[in-house]
Every structure is written in structure tokens, then in C-alpha cells.
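Text of target_17.pdb (PDB, C-alpha atoms) as supplied:
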MODEL        1
ATOM      1  CA  MET A   1      18.104  -3.216  20.875
ATOM      2  CA  THR A   2      16.885  -5.654  23.525
ATOM      3  CA  THR A   3      14.962  -8.889  23.122
ATOM      4  CA  GLN A   4      12.195  -7.446  25.326
ATOM      5  CA  PRO A   5       9.738  -5.434  23.206
ATOM      6  CA  THR A   6       7.763  -2.329  23.998
ATOM      7  CA  LEU A   7       3.996  -2.714  23.569
ATOM      8  CA  LEU A   8       1.868  -0.031  21.930
ATOM      9  CA  ILE A   9      -1.934  -0.087  22.150
ATOM     10  CA  LEU A  10      -3.758   2.282  19.815
ATOM     11  CA  ALA A  11      -6.825   3.542  21.703
ATOM     12  CA  GLY A  12      -7.479   6.901  20.053
ATOM     13  CA  LYS A  13     -10.405   8.089  17.993
ATOM     14  CA  ARG A  14     -10.142   7.516  14.261
ATOM     15  CA  ASP A  15      -9.670  10.935  12.670
ATOM     16  CA  GLY A  16     -10.463  12.386  16.107
ATOM     17  CA  LYS A  17     -14.172  11.600  15.626
ATOM     18  CA  LEU A  18     -16.597   9.871  17.961
ATOM     19  CA  ASP A  19     -16.974   6.236  16.930
ATOM     20  CA  PRO A  20     -20.596   5.113  16.318
ATOM     21  CA  MET A  21     -20.187   2.214  18.744
ATOM     22  CA  ALA A  22     -18.913   4.593  21.428
ATOM     23  CA  ALA A  23     -21.879   6.875  20.794
ATOM     24  CA  ASP A  24     -24.312   3.967  21.121
ATOM     25  CA  ALA A  25     -22.648   2.884  24.393
ATOM     26  CA  GLY A  26     -22.694   6.433  25.782
ATOM     27  CA  VAL A  27     -18.892   6.721  26.065
ATOM     28  CA  THR A  28     -16.471   9.173  24.479
ATOM     29  CA  HIS A  29     -13.892   6.637  23.292
ATOM     30  CA  LYS A  30     -14.495   3.284  21.625
ATOM     31  CA  CYS A  31     -11.901   1.683  23.926
ATOM     32  CA  ARG A  32     -14.371   2.169  26.814
ATOM     33  CA  VAL A  33     -17.200   0.269  25.114
ATOM     34  CA  PRO A  34     -18.107  -2.607  27.467
ATOM     35  CA  ILE A  35     -18.078  -6.235  26.355
ATOM     36  CA  CYS A  36     -18.586  -9.211  28.674
ATOM     37  CA  GLY A  37     -18.465  -6.883  31.653
ATOM     38  CA  LYS A  38     -15.192  -5.094  30.840
ATOM     39  CA  ALA A  39     -14.060  -2.253  28.598
ATOM     40  CA  LEU A  40     -12.514  -3.294  25.283
ATOM     41  CA  LEU A  41      -9.165  -1.861  26.346
ATOM     42  CA  GLN A  42      -9.217  -3.774  29.633
ATOM     43  CA  TRP A  43      -9.381  -7.085  27.766
ATOM     44  CA  VAL A  44      -6.369  -6.068  25.668
ATOM     45  CA  LEU A  45      -4.438  -4.963  28.755
ATOM     46  CA  GLU A  46      -5.110  -8.304  30.429
ATOM     47  CA  ALA A  47      -3.226  -9.905  27.535
ATOM     48  CA  ALA A  48      -0.528  -7.241  27.198
ATOM     49  CA  ILE A  49       0.495  -6.910  30.863
ATOM     50  CA  PRO A  50       1.598 -10.528  31.381
ATOM     51  CA  ALA A  51       2.861 -11.033  27.834
ATOM     52  CA  PHE A  52       6.249  -9.477  28.619
ATOM     53  CA  PRO A  53       6.710  -8.942  32.370
ATOM     54  CA  GLY A  54       8.452  -5.660  33.061
ATOM     55  CA  ALA A  55       8.094  -4.333  29.503
ATOM     56  CA  LYS A  56       6.941  -0.763  28.914
ATOM     57  CA  VAL A  57       3.348  -0.405  27.685
ATOM     58  CA  LEU A  58       2.403   2.653  25.634
ATOM     59  CA  ILE A  59      -1.239   3.651  25.228
ATOM     60  CA  SER A  60      -2.051   6.129  22.488
ATOM     61  CA  ILE A  61      -5.269   8.000  23.294
ATOM     62  CA  HIS A  62      -6.786  11.449  22.879
ATOM     63  CA  ASP A  63      -7.981  11.888  26.482
ATOM     64  CA  PRO A  64      -6.042   9.903  29.132
ATOM     65  CA  ALA A  65      -8.627  10.699  31.810
ATOM     66  CA  VAL A  66     -11.076   8.425  30.000
ATOM     67  CA  ILE A  67      -9.088   5.301  30.903
ATOM     68  CA  ALA A  68      -7.500   6.352  34.216
ATOM     69  CA  ASP A  69      -9.781   4.132  36.308
ATOM     70  CA  LEU A  70      -9.363   0.915  34.312
ATOM     71  CA  PRO A  71      -7.736  -1.793  36.487
ATOM     72  CA  GLY A  72      -5.088  -2.512  33.856
ATOM     73  CA  VAL A  73      -4.143   1.141  33.593
ATOM     74  CA  VAL A  74      -3.972   1.484  37.382
ATOM     75  CA  GLU A  75      -1.753  -1.621  37.588
ATOM     76  CA  LEU A  76       0.632  -0.391  34.912
ATOM     77  CA  GLN A  77       0.767   3.072  36.428
ATOM     78  CA  ALA A  78       1.635   1.639  39.860
ATOM     79  CA  SER A  79       4.415  -0.540  38.432
ATOM     80  CA  GLY A  80       5.952   2.298  36.427
ATOM     81  CA  ARG A  81       5.403   0.448  33.155
ATOM     82  CA  LEU A  82       2.850   2.819  31.619
ATOM     83  CA  MET A  83       3.492   5.644  29.182
ATOM     84  CA  ILE A  84       0.463   7.577  27.894
ATOM     85  CA  CYS A  85       0.994   9.092  24.444
ATOM     86  CA  GLN A  86      -1.193  11.705  22.809
ATOM     87  CA  ALA A  87      -3.051  10.177  19.857
ATOM     88  CA  GLN A  88      -2.462  11.970  16.579
ATOM     89  CA  THR A  89      -4.534  12.538  13.452
ATOM     90  CA  GLY A  90      -3.965   9.071  11.994
ATOM     91  CA  ILE A  91      -2.708   5.574  12.721
ATOM     92  CA  VAL A  92       0.835   6.018  11.434
ATOM     93  CA  GLU A  93       1.187   9.443  12.997
ATOM     94  CA  SER A  94       0.132   7.991  16.346
ATOM     95  CA  VAL A  95       2.665   5.164  16.059
ATOM     96  CA  GLU A  96       5.429   7.580  15.077
ATOM     97  CA  TYR A  97       4.621   9.928  17.938
ATOM     98  CA  ALA A  98       4.468   7.140  20.527
ATOM     99  CA  ALA A  99       7.746   5.657  19.294
ATOM    100  CA  ALA A 100       9.412   9.068  19.465
ATOM    101  CA  GLN A 101       8.155   9.539  23.031
ATOM    102  CA  ALA A 102       9.609   6.179  24.056
ATOM    103  CA  GLY A 103      12.931   6.906  22.325
ATOM    104  CA  ASP A 104      15.477   4.143  21.750
ATOM    105  CA  ALA A 105      13.652   1.933  24.254
ATOM    106  CA  ALA A 106      10.729   1.645  21.830
ATOM    107  CA  TRP A 107      12.379  -1.027  19.720
ATOM    108  CA  PRO A 108      11.396  -3.676  18.903
ATOM    109  CA  LEU A 109       7.777  -2.548  19.015
ATOM    110  CA  VAL A 110       4.672  -4.756  19.192
ATOM    111  CA  ILE A 111       1.543  -2.871  18.137
ATOM    112  CA  THR A 112      -2.097  -3.754  18.591
ATOM    113  CA  THR A 113      -5.426  -1.964  18.893
ATOM    114  CA  ALA A 114      -7.761  -1.397  21.836
ATOM    115  CA  ASP A 115     -10.541  -3.355  20.128
ATOM    116  CA  ASN A 116      -8.422  -6.509  19.667
ATOM    117  CA  VAL A 117     -10.153  -8.191  22.607
ATOM    118  CA  LEU A 118      -9.320 -11.788  21.671
ATOM    119  CA  VAL A 119      -5.553 -11.295  21.658
ATOM    120  CA  THR A 120      -3.667 -13.409  24.220
ATOM    121  CA  PRO A 121      -0.293 -13.226  25.972
ATOM    122  CA  GLU A 122       0.672 -16.474  24.242
ATOM    123  CA  LEU A 123       0.097 -15.072  20.757
ATOM    124  CA  MET A 124       2.002 -11.898  21.589
ATOM    125  CA  ARG A 125       4.975 -13.846  22.946
ATOM    126  CA  ASP A 126       5.073 -16.444  20.160
ATOM    127  CA  PHE A 127       4.770 -13.736  17.524
ATOM    128  CA  HIS A 128       7.556 -11.653  19.037
ATOM    129  CA  VAL A 129       9.931 -14.621  19.407
ATOM    130  CA  HIS A 130       9.275 -15.612  15.797
ATOM    131  CA  ALA A 131       9.819 -12.064  14.528
ATOM    132  CA  MET A 132      13.021 -11.588  16.527
ATOM    133  CA  ALA A 133      14.470 -14.805  15.113
ATOM    134  CA  GLY A 134      13.519 -13.936  11.548
ATOM    135  CA  GLU A 135      14.821 -11.491   8.968
ATOM    136  CA  GLY A 136      11.842  -9.157   8.792
ATOM    137  CA  ASP A 137      11.948  -5.472   9.593
ATOM    138  CA  ALA A 138       8.168  -5.433   9.903
ATOM    139  CA  VAL A 139       5.950  -8.462  10.539
ATOM    140  CA  ILE A 140       2.155  -8.667  10.292
ATOM    141  CA  VAL A 141      -0.039 -11.360  11.868
ATOM    142  CA  LEU A 142      -2.446 -12.820   9.316
ATOM    143  CA  SER A 143      -4.943 -15.651   9.226
ATOM    144  CA  THR A 144      -6.581 -17.428   6.304
ATOM    145  CA  ARG A 145     -10.223 -17.286   5.348
ATOM    146  CA  GLU A 146     -10.598 -20.981   6.192
ATOM    147  CA  ALA A 147      -9.171 -20.523   9.687
ATOM    148  CA  ILE A 148     -11.255 -17.427  10.365
ATOM    149  CA  LEU A 149     -14.521 -18.966   9.203
ATOM    150  CA  ALA A 150     -13.724 -22.095  11.222
ATOM    151  CA  ALA A 151     -13.552 -19.897  14.323
ATOM    152  CA  HIS A 152     -16.899 -18.324  13.419
ATOM    153  CA  PRO A 153     -18.781 -18.479  10.083
ATOM    154  CA  GLU A 154     -19.275 -14.697  10.152
ATOM    155  CA  GLY A 155     -15.821 -13.871  11.543
ATOM    156  CA  GLN A 156     -14.949 -11.744   8.525
ATOM    157  CA  ARG A 157     -16.784 -10.936   5.315
ATOM    158  CA  ARG A 158     -14.004  -9.377   3.247
ATOM    159  CA  PHE A 159     -10.533 -10.726   2.612
ATOM    160  CA  TYR A 160      -7.355  -9.861   0.764
ATOM    161  CA  GLU A 161      -7.556 -12.255  -2.186
ATOM    162  CA  PHE A 162      -4.326 -13.761  -3.514
ATOM    163  CA  SER A 163      -3.921 -16.602  -5.978
ATOM    164  CA  ASP A 164      -2.877 -19.018  -3.236
ATOM    165  CA  ALA A 165      -4.730 -17.674  -0.203
ATOM    166  CA  ALA A 166      -7.408 -15.317   1.047
ATOM    167  CA  ILE A 167      -6.341 -13.651   4.268
ATOM    168  CA  SER A 168      -7.226 -11.030   6.861
ATOM    169  CA  ASN A 169      -4.996  -9.332   9.409
ATOM    170  CA  CYS A 170      -5.192  -9.892  13.152
ATOM    171  CA  ASN A 171      -4.440  -6.308  14.266
ATOM    172  CA  LEU A 172      -1.033  -7.302  15.587
ATOM    173  CA  PHE A 173       2.151  -5.845  14.133
ATOM    174  CA  TRP A 174       5.875  -5.917  14.930
ATOM    175  CA  LEU A 175       8.537  -3.361  14.004
ATOM    176  CA  ARG A 176      12.233  -4.093  14.510
ATOM    177  CA  ASN A 177      13.407  -0.471  14.501
ATOM    178  CA  ALA A 178      12.491   3.060  13.423
ATOM    179  CA  ASN A 179      13.405   2.294   9.821
ATOM    180  CA  ALA A 180      10.604  -0.280   9.734
ATOM    181  CA  LEU A 181       8.059   2.538  10.037
ATOM    182  CA  LYS A 182       8.446   2.939   6.272
ATOM    183  CA  ALA A 183       6.253  -0.142   5.901
ATOM    184  CA  ALA A 184       3.349   1.664   7.559
ATOM    185  CA  GLU A 185       3.129   4.372   4.878
ATOM    186  CA  ALA A 186       0.249   2.619   3.132
ATOM    187  CA  PHE A 187      -1.859   3.283   6.245
ATOM    188  CA  ARG A 188      -0.882   6.969   6.580
ATOM    189  CA  GLN A 189      -4.455   8.199   6.122
ATOM    190  CA  GLY A 190      -6.054   5.498   8.293
ATOM    191  CA  GLY A 191      -9.209   3.681   7.302
ATOM    192  CA  GLN A 192      -9.677   0.220   5.862
ATOM    193  CA  PHE A 193      -6.785  -0.729   3.596
ATOM    194  CA  ILE A 194      -8.695  -3.363   1.666
ATOM    195  CA  LYS A 195     -11.430  -0.898   0.616
ATOM    196  CA  THR A 196      -9.016   1.690  -0.800
ATOM    197  CA  LYS A 197      -7.427   1.184  -4.230
ATOM    198  CA  GLY A 198      -5.121   4.151  -3.740
ATOM    199  CA  ARG A 199      -3.697   2.674  -0.558
ATOM    200  CA  ILE A 200      -3.093  -0.707  -2.227
ATOM    201  CA  ALA A 201      -1.408   1.082  -5.135
ATOM    202  CA  LYS A 202       0.811   2.932  -2.685
ATOM    203  CA  ALA A 203       1.846  -0.341  -1.080
ATOM    204  CA  PHE A 204       2.421  -2.335  -4.271
ATOM    205  CA  GLY A 205       2.728   0.154  -7.139
ATOM    206  CA  ILE A 206       0.276   0.656 -10.018
ATOM    207  CA  HIS A 207       1.508  -2.335 -12.054
ATOM    208  CA  ASN A 208       1.222  -4.639  -9.074
ATOM    209  CA  LEU A 209      -2.173  -3.178  -8.172
ATOM    210  CA  VAL A 210      -3.492  -4.686 -11.410
ATOM    211  CA  ARG A 211      -1.972  -8.054 -10.487
ATOM    212  CA  PHE A 212      -3.522  -7.791  -7.026
ATOM    213  CA  ARG A 213      -6.973  -6.892  -8.341
ATOM    214  CA  MET A 214      -6.847  -9.695 -10.939
ATOM    215  CA  GLY A 215      -5.914 -12.228  -8.275
ATOM    216  CA  TRP A 216      -2.576 -13.029  -9.932
ATOM    217  CA  PHE A 217      -0.427 -12.304  -6.878
ATOM    218  CA  LYS A 218       0.752 -15.053  -4.575
ATOM    219  CA  LEU A 219       0.958 -13.983  -0.940
ATOM    220  CA  ASP A 220       4.758 -14.249  -0.749
ATOM    221  CA  SER A 221       5.125 -12.308  -4.002
ATOM    222  CA  ALA A 222       2.909  -9.547  -2.647
ATOM    223  CA  PHE A 223       5.060  -9.186   0.453
ATOM    224  CA  ARG A 224       8.215  -9.088  -1.658
ATOM    225  CA  ALA A 225       6.644  -6.331  -3.757
ATOM    226  CA  MET A 226       5.681  -4.378  -0.656
ATOM    227  CA  SER A 227       9.184  -4.806   0.745
ATOM    228  CA  ARG A 228      10.778  -3.456  -2.437
ATOM    229  CA  ARG A 229       8.313  -0.573  -2.474
ATOM    230  CA  PHE A 230       9.217   0.645   1.012
ATOM    231  CA  GLY A 231      12.823  -0.467   1.265
ATOM    232  CA  VAL A 232      12.273  -2.642   4.346
ATOM    233  CA  ARG A 233      11.554  -6.335   4.542
ATOM    234  CA  VAL A 234       7.890  -6.953   5.388
ATOM    235  CA  LEU A 235       6.924 -10.523   6.287
ATOM    236  CA  PRO A 236       3.683 -12.306   7.199
ATOM    237  CA  TYR A 237       3.169 -14.390  10.328
ATOM    238  CA  MET A 238       0.452 -16.913   9.599
ATOM    239  CA  GLU A 239      -1.727 -17.665  12.631
ATOM    240  CA  GLN A 240      -3.704 -20.904  12.610
ATOM    241  CA  ASP A 241      -6.361 -19.694  15.052
ATOM    242  CA  GLY A 242      -8.643 -17.521  12.966
ATOM    243  CA  ALA A 243     -10.432 -16.077  16.000
ATOM    244  CA  TYR A 244      -7.565 -13.609  16.360
ATOM    245  CA  ALA A 245      -8.759 -11.881  13.175
ATOM    246  CA  VAL A 246     -12.018 -10.873  14.883
ATOM    247  CA  ASP A 247     -11.934  -7.444  16.484
ATOM    248  CA  VAL A 248     -14.753  -5.108  17.478
ATOM    249  CA  ASP A 249     -15.425  -2.893  14.460
ATOM    250  CA  ASN A 250     -19.227  -2.798  14.369
ATOM    251  CA  PRO A 251     -22.293  -4.379  16.008
ATOM    252  CA  ARG A 252     -21.885  -7.585  13.960
ATOM    253  CA  THR A 253     -18.273  -8.193  14.974
ATOM    254  CA  TYR A 254     -19.076  -7.073  18.532
ATOM    255  CA  ALA A 255     -21.609  -9.902  18.771
ATOM    256  CA  ILE A 256     -19.108 -12.412  17.361
ATOM    257  CA  ALA A 257     -16.318 -11.247  19.652
ATOM    258  CA  GLU A 258     -18.699 -11.536  22.598
ATOM    259  CA  ILE A 259     -19.461 -15.158  21.704
ATOM    260  CA  LEU A 260     -15.776 -16.025  21.297
ATOM    261  CA  LEU A 261     -14.782 -14.197  24.481
ATOM    262  CA  LYS A 262     -17.291 -16.231  26.477
ATOM    263  CA  LYS A 263     -15.876 -19.439  25.016
ATOM    264  CA  ARG A 264     -12.201 -18.571  25.377
ATOM    265  CA  LYS A 265     -11.699 -16.228  28.306
ATOM    266  CA  LEU A 266     -14.646 -16.616  30.684
TER
ENDMDL
END
This structure in C-alpha cells:
Amino acid sequence: MTTQPTLLILAGKRDGKLDPMAADAGVTHKCRVPICGKALLQWVLEAAIPAFPGAKVLISIHDPAVIADLPGVVELQASGRLMICQAQTGIVESVEYAAAQAGDAAWPLVITTADNVLVTPELMRDFHVHAMAGEGDAVIVLSTREAILAAHPEGQRRFYEFSDAAISNCNLFWLRNANALKAAEAFRQGGQFIKTKGRIAKAFGIHNLVRFRMGWFKLDSAFRAMSRRFGVRVLPYMEQDGAYAVDVDNPRTYAIAEILLKKRKL
């Protein structure tokens, strides 16, 4: 394993279906939806490319031709850093396939999504350095409700509620090695984790699902339960800038991301 990670950007279609936002924008893939004059994926690439100079960047997508003309894709292709991976039926399957295509060079693996337009090279680097120095097999970037609403009062509307914190994820994940993929099992069928009792039960177990739903779980206790469940140590990385929890999921979050992009990157 090296200290330089591989980056994976998930840019496929959820369940292989046309996303409503893509349909409204007249494009075949959500990653090509324009925001502030650039495709969603282009914003992510502009953070990913300089985050780790020389690192391999994997893009998981159903139709590579859709993104071939993006400046970030052209730059990566010219430098030999790009690997296009065929998107699979679900999130975990796509991660597994991309990691297998990259082989031993895949690890450690930083994963984000093509709609995570507010991500920055600084967050990616700080997160990776922290994860490498820690004891986690899998690390997830989270932010608190207070931090997210401070960034924008409509930044998120639903949160994972624990007894000591309400949090949301920032669509940025880190896996130390192939064994850490066990931690992704709760997301095997894709979709929104927080809306699905069965997926929470799979992550925590039925007994702990009750504790979660009743708000009895502390955040650290929940991660310990998840770690025991999957046999790998899963840790949170708490990000103070709640804007990173805003991605482009729907017209409401598109409008918020557009506001924050103009403030932060333009």
C-alpha cells in the first residue's frame, strides 16, 4: 500500500435509469447537468485532479462517450491518470468493479460522487491524511446539523439522529484496503440509507435498529456497532464546514449548491 490514494468518482445512473434532473436538462447522465457554467462532474474533477498530483483517477459511468469532451477528462486522459470503469447495477457493485479493475493500486481508495460539486482538494487531502494516520479501515466524512444549516438554512432537511448529534454525510469515503468493502454492504441496493429501515438494520442489527430509531445511540456507539457488524473498523471524520454536505440531488439542493458555488469557487 502507498500513501498516495486512488480516487474514484461515481458518475453512473442510479439503477441504470435516467435521473429526473438529467431529463430536465436534456442530458443522458446526471453528471452532465450544468451548474454555474460547467457540468457537475467537471466541478468534481477540478477538485480531484490537483488533490493528489499523479494519482490515478477512476470514473465509474455507464457511457464513457458522454464525458469524453469534458476538460477534466481530457486532461486526465492526456496525463495517463484516467481509468474509465463500467458502472454496475448499484453503488457497491460499481465500487467493487472499479477497485478490481485498478487492482492492488486501488488502495487506499478515496470515493466521491459526480454531484459533489462543493468538494475541494483541501478537504480531500486533509481527509486522506487523517484516515491514513488513524486506525480505521473505512472512514466517512460527516457534518453536524448545526454546521450544515450554518452554511445554508436549507442545506439538508433530514439527518441521522443520535443522542449526542444529528449528522449528514458529505459524499466522501475512504477505504484502506479490499477488506474495508465489507463496510459498504449496507448500501448494496443503493438509494437513500436514512429512508430505509432495512438498510439501517443491516448496518446495526435489529436490536440496535430500535436504539437508533429511539434516539438512544451516541454517534461513537453507532460506529462501534457498525464496525462489529461488518468486521472492519468504521470511523467518522467530522467536518466543520457544513457546505460539504450539500450535493445536487434535486432542484432544491441544485439551487443551494449554485448559491454556495458562486460564493466559494467563482
Could you expand the PyMOL selection byres ((chain A and resi 44) around 10) into the explicit residues it covers here, written as a VMD selection string?
-> chain A and resid 9 31 39 to 43 45 to 49 72 112 to 121
Option closest in space to Ser94 of chain A, from A:Leu172, A:Val73, A:Leu266, A:Leu10 [counting only C-alpha atoms] =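 Ranking A:Leu172, A:Val73, A:Leu266, A:Leu10 by distance to Ser94 of chain A, first place goes to A:Leu10.
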Starting from the shown file, work through the PyMOL selection byres ((chain A and resi 240) around 9) and note down what comes out as a PDB file with C-alpha atoms, in the coordinates of the input.
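Written out: expr.pdb:
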ATOM      1  CA  LEU A 142      -2.446 -12.820   9.316  1.00  0.00           C
ATOM      2  CA  SER A 143      -4.943 -15.651   9.226  1.00  0.00           C
ATOM      3  CA  THR A 144      -6.581 -17.428   6.304  1.00  0.00           C
ATOM      4  CA  ALA A 147      -9.171 -20.523   9.687  1.00  0.00           C
ATOM      5  CA  ILE A 148     -11.255 -17.427  10.365  1.00  0.00           C
ATOM      6  CA  MET A 238       0.452 -16.913   9.599  1.00  0.00           C
ATOM      7  CA  GLU A 239      -1.727 -17.665  12.631  1.00  0.00           C
ATOM      8  CA  ASP A 241      -6.361 -19.694  15.052  1.00  0.00           C
ATOM      9  CA  GLY A 242      -8.643 -17.521  12.966  1.00  0.00           C
ATOM     10  CA  ALA A 243     -10.432 -16.077  16.000  1.00  0.00           C
TER      11      ALA A 243
END
Which of A:Leu175, A:Val110, A:Val57, A:Val27 sits closest to Ile84 of chain A [using all atoms listed in the file] =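 Closest candidate: A:Val57.
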I need the residue set behind the PyMOL selection byres ((chain A and resi 138) around 8) for this file; please write it as a PyMOL selection string.
-> chain A and resi 136-137+139-140+173-176+180-181+183+232-235
Point out the residue among A:Leu8, A:Leu260, A:Ala98, A:Ala22 with the least atom-to-atom distance to Ala151 of chain A, counting only C-alpha atoms.
->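 Using only C-alpha atoms, Ala151 of chain A sits closest to A:Leu260.
In terms of minimum interatomic distance to Cys36 of chain A, A:Ala257 ranks closest within A:Ala131, A:Ala11, A:Ala257, A:Val92, counting all atoms listed in the file.
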Leu18 of chain A environment, 8 Å, all atoms listed in the file, sequence neighbours closer than 2 positions dropped, as a short mmCIF file (atom, residue, chain, number, x, y, z; two decimals) with C-alpha atoms, keeping the file's coordinate frame:
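Below you can see out-v9.cif, which holds the result:
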data_model
loop_
_atom_site.label_atom_id
_atom_site.label_comp_id
_atom_site.auth_asym_id
_atom_site.auth_seq_id
_atom_site.Cartn_x
_atom_site.Cartn_y
_atom_site.Cartn_z
CA LYS A 13 -10.40 8.09 17.99
CA ARG A 14 -10.14 7.52 14.26
CA GLY A 16 -10.46 12.39 16.11
CA PRO A 20 -20.60 5.11 16.32
CA ALA A 22 -18.91 4.59 21.43
CA ALA A 23 -21.88 6.88 20.79
CA THR A 28 -16.47 9.17 24.48
CA HIS A 29 -13.89 6.64 23.29
CA LYS A 30 -14.50 3.28 21.62
#
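Between atom CA of Ala105 of chain A and atom CA of Glu75 of chain A the separation is 20.7 Å.
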Any idea what's packed within 9 Å of Tyr97 of chain A, counting all atoms listed in the file, ignoring anything in its chain fewer than 2 positions away? Could you give it as a PDB file with C-alpha atoms, in the frame of the given file?
ATOM      1  CA  SER A  60      -2.051   6.129  22.488  1.00  0.00           C
ATOM      2  CA  CYS A  85       0.994   9.092  24.444  1.00  0.00           C
ATOM      3  CA  GLN A  86      -1.193  11.705  22.809  1.00  0.00           C
ATOM      4  CA  ALA A  87      -3.051  10.177  19.857  1.00  0.00           C
ATOM      5  CA  GLN A  88      -2.462  11.970  16.579  1.00  0.00           C
ATOM      6  CA  VAL A  92       0.835   6.018  11.434  1.00  0.00           C
ATOM      7  CA  GLU A  93       1.187   9.443  12.997  1.00  0.00           C
ATOM      8  CA  SER A  94       0.132   7.991  16.346  1.00  0.00           C
ATOM      9  CA  VAL A  95       2.665   5.164  16.059  1.00  0.00           C
ATOM     10  CA  ALA A  99       7.746   5.657  19.294  1.00  0.00           C
ATOM     11  CA  ALA A 100       9.412   9.068  19.465  1.00  0.00           C
ATOM     12  CA  GLN A 101       8.155   9.539  23.031  1.00  0.00           C
ATOM     13  CA  ALA A 102       9.609   6.179  24.056  1.00  0.00           C
TER      14      ALA A 102
END
Length of the atom CA of Ala106 of chain A to atom CA of Lys38 of chain A vector [Å] | 28.3 Å
Can you work out which one of A:Leu109, A:Ala150, A:Ala245, A:Met124 has the shortest atom-to-atom distance to Asn169 of chain A, counting all atoms listed in the file?
->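 Among the listed residues, the smallest separation from Asn169 of chain A belongs to A:Ala245.
Going from atom CA of Asn179 of chain A to atom CA of Glu122 of chain A covers 26.9 Å.
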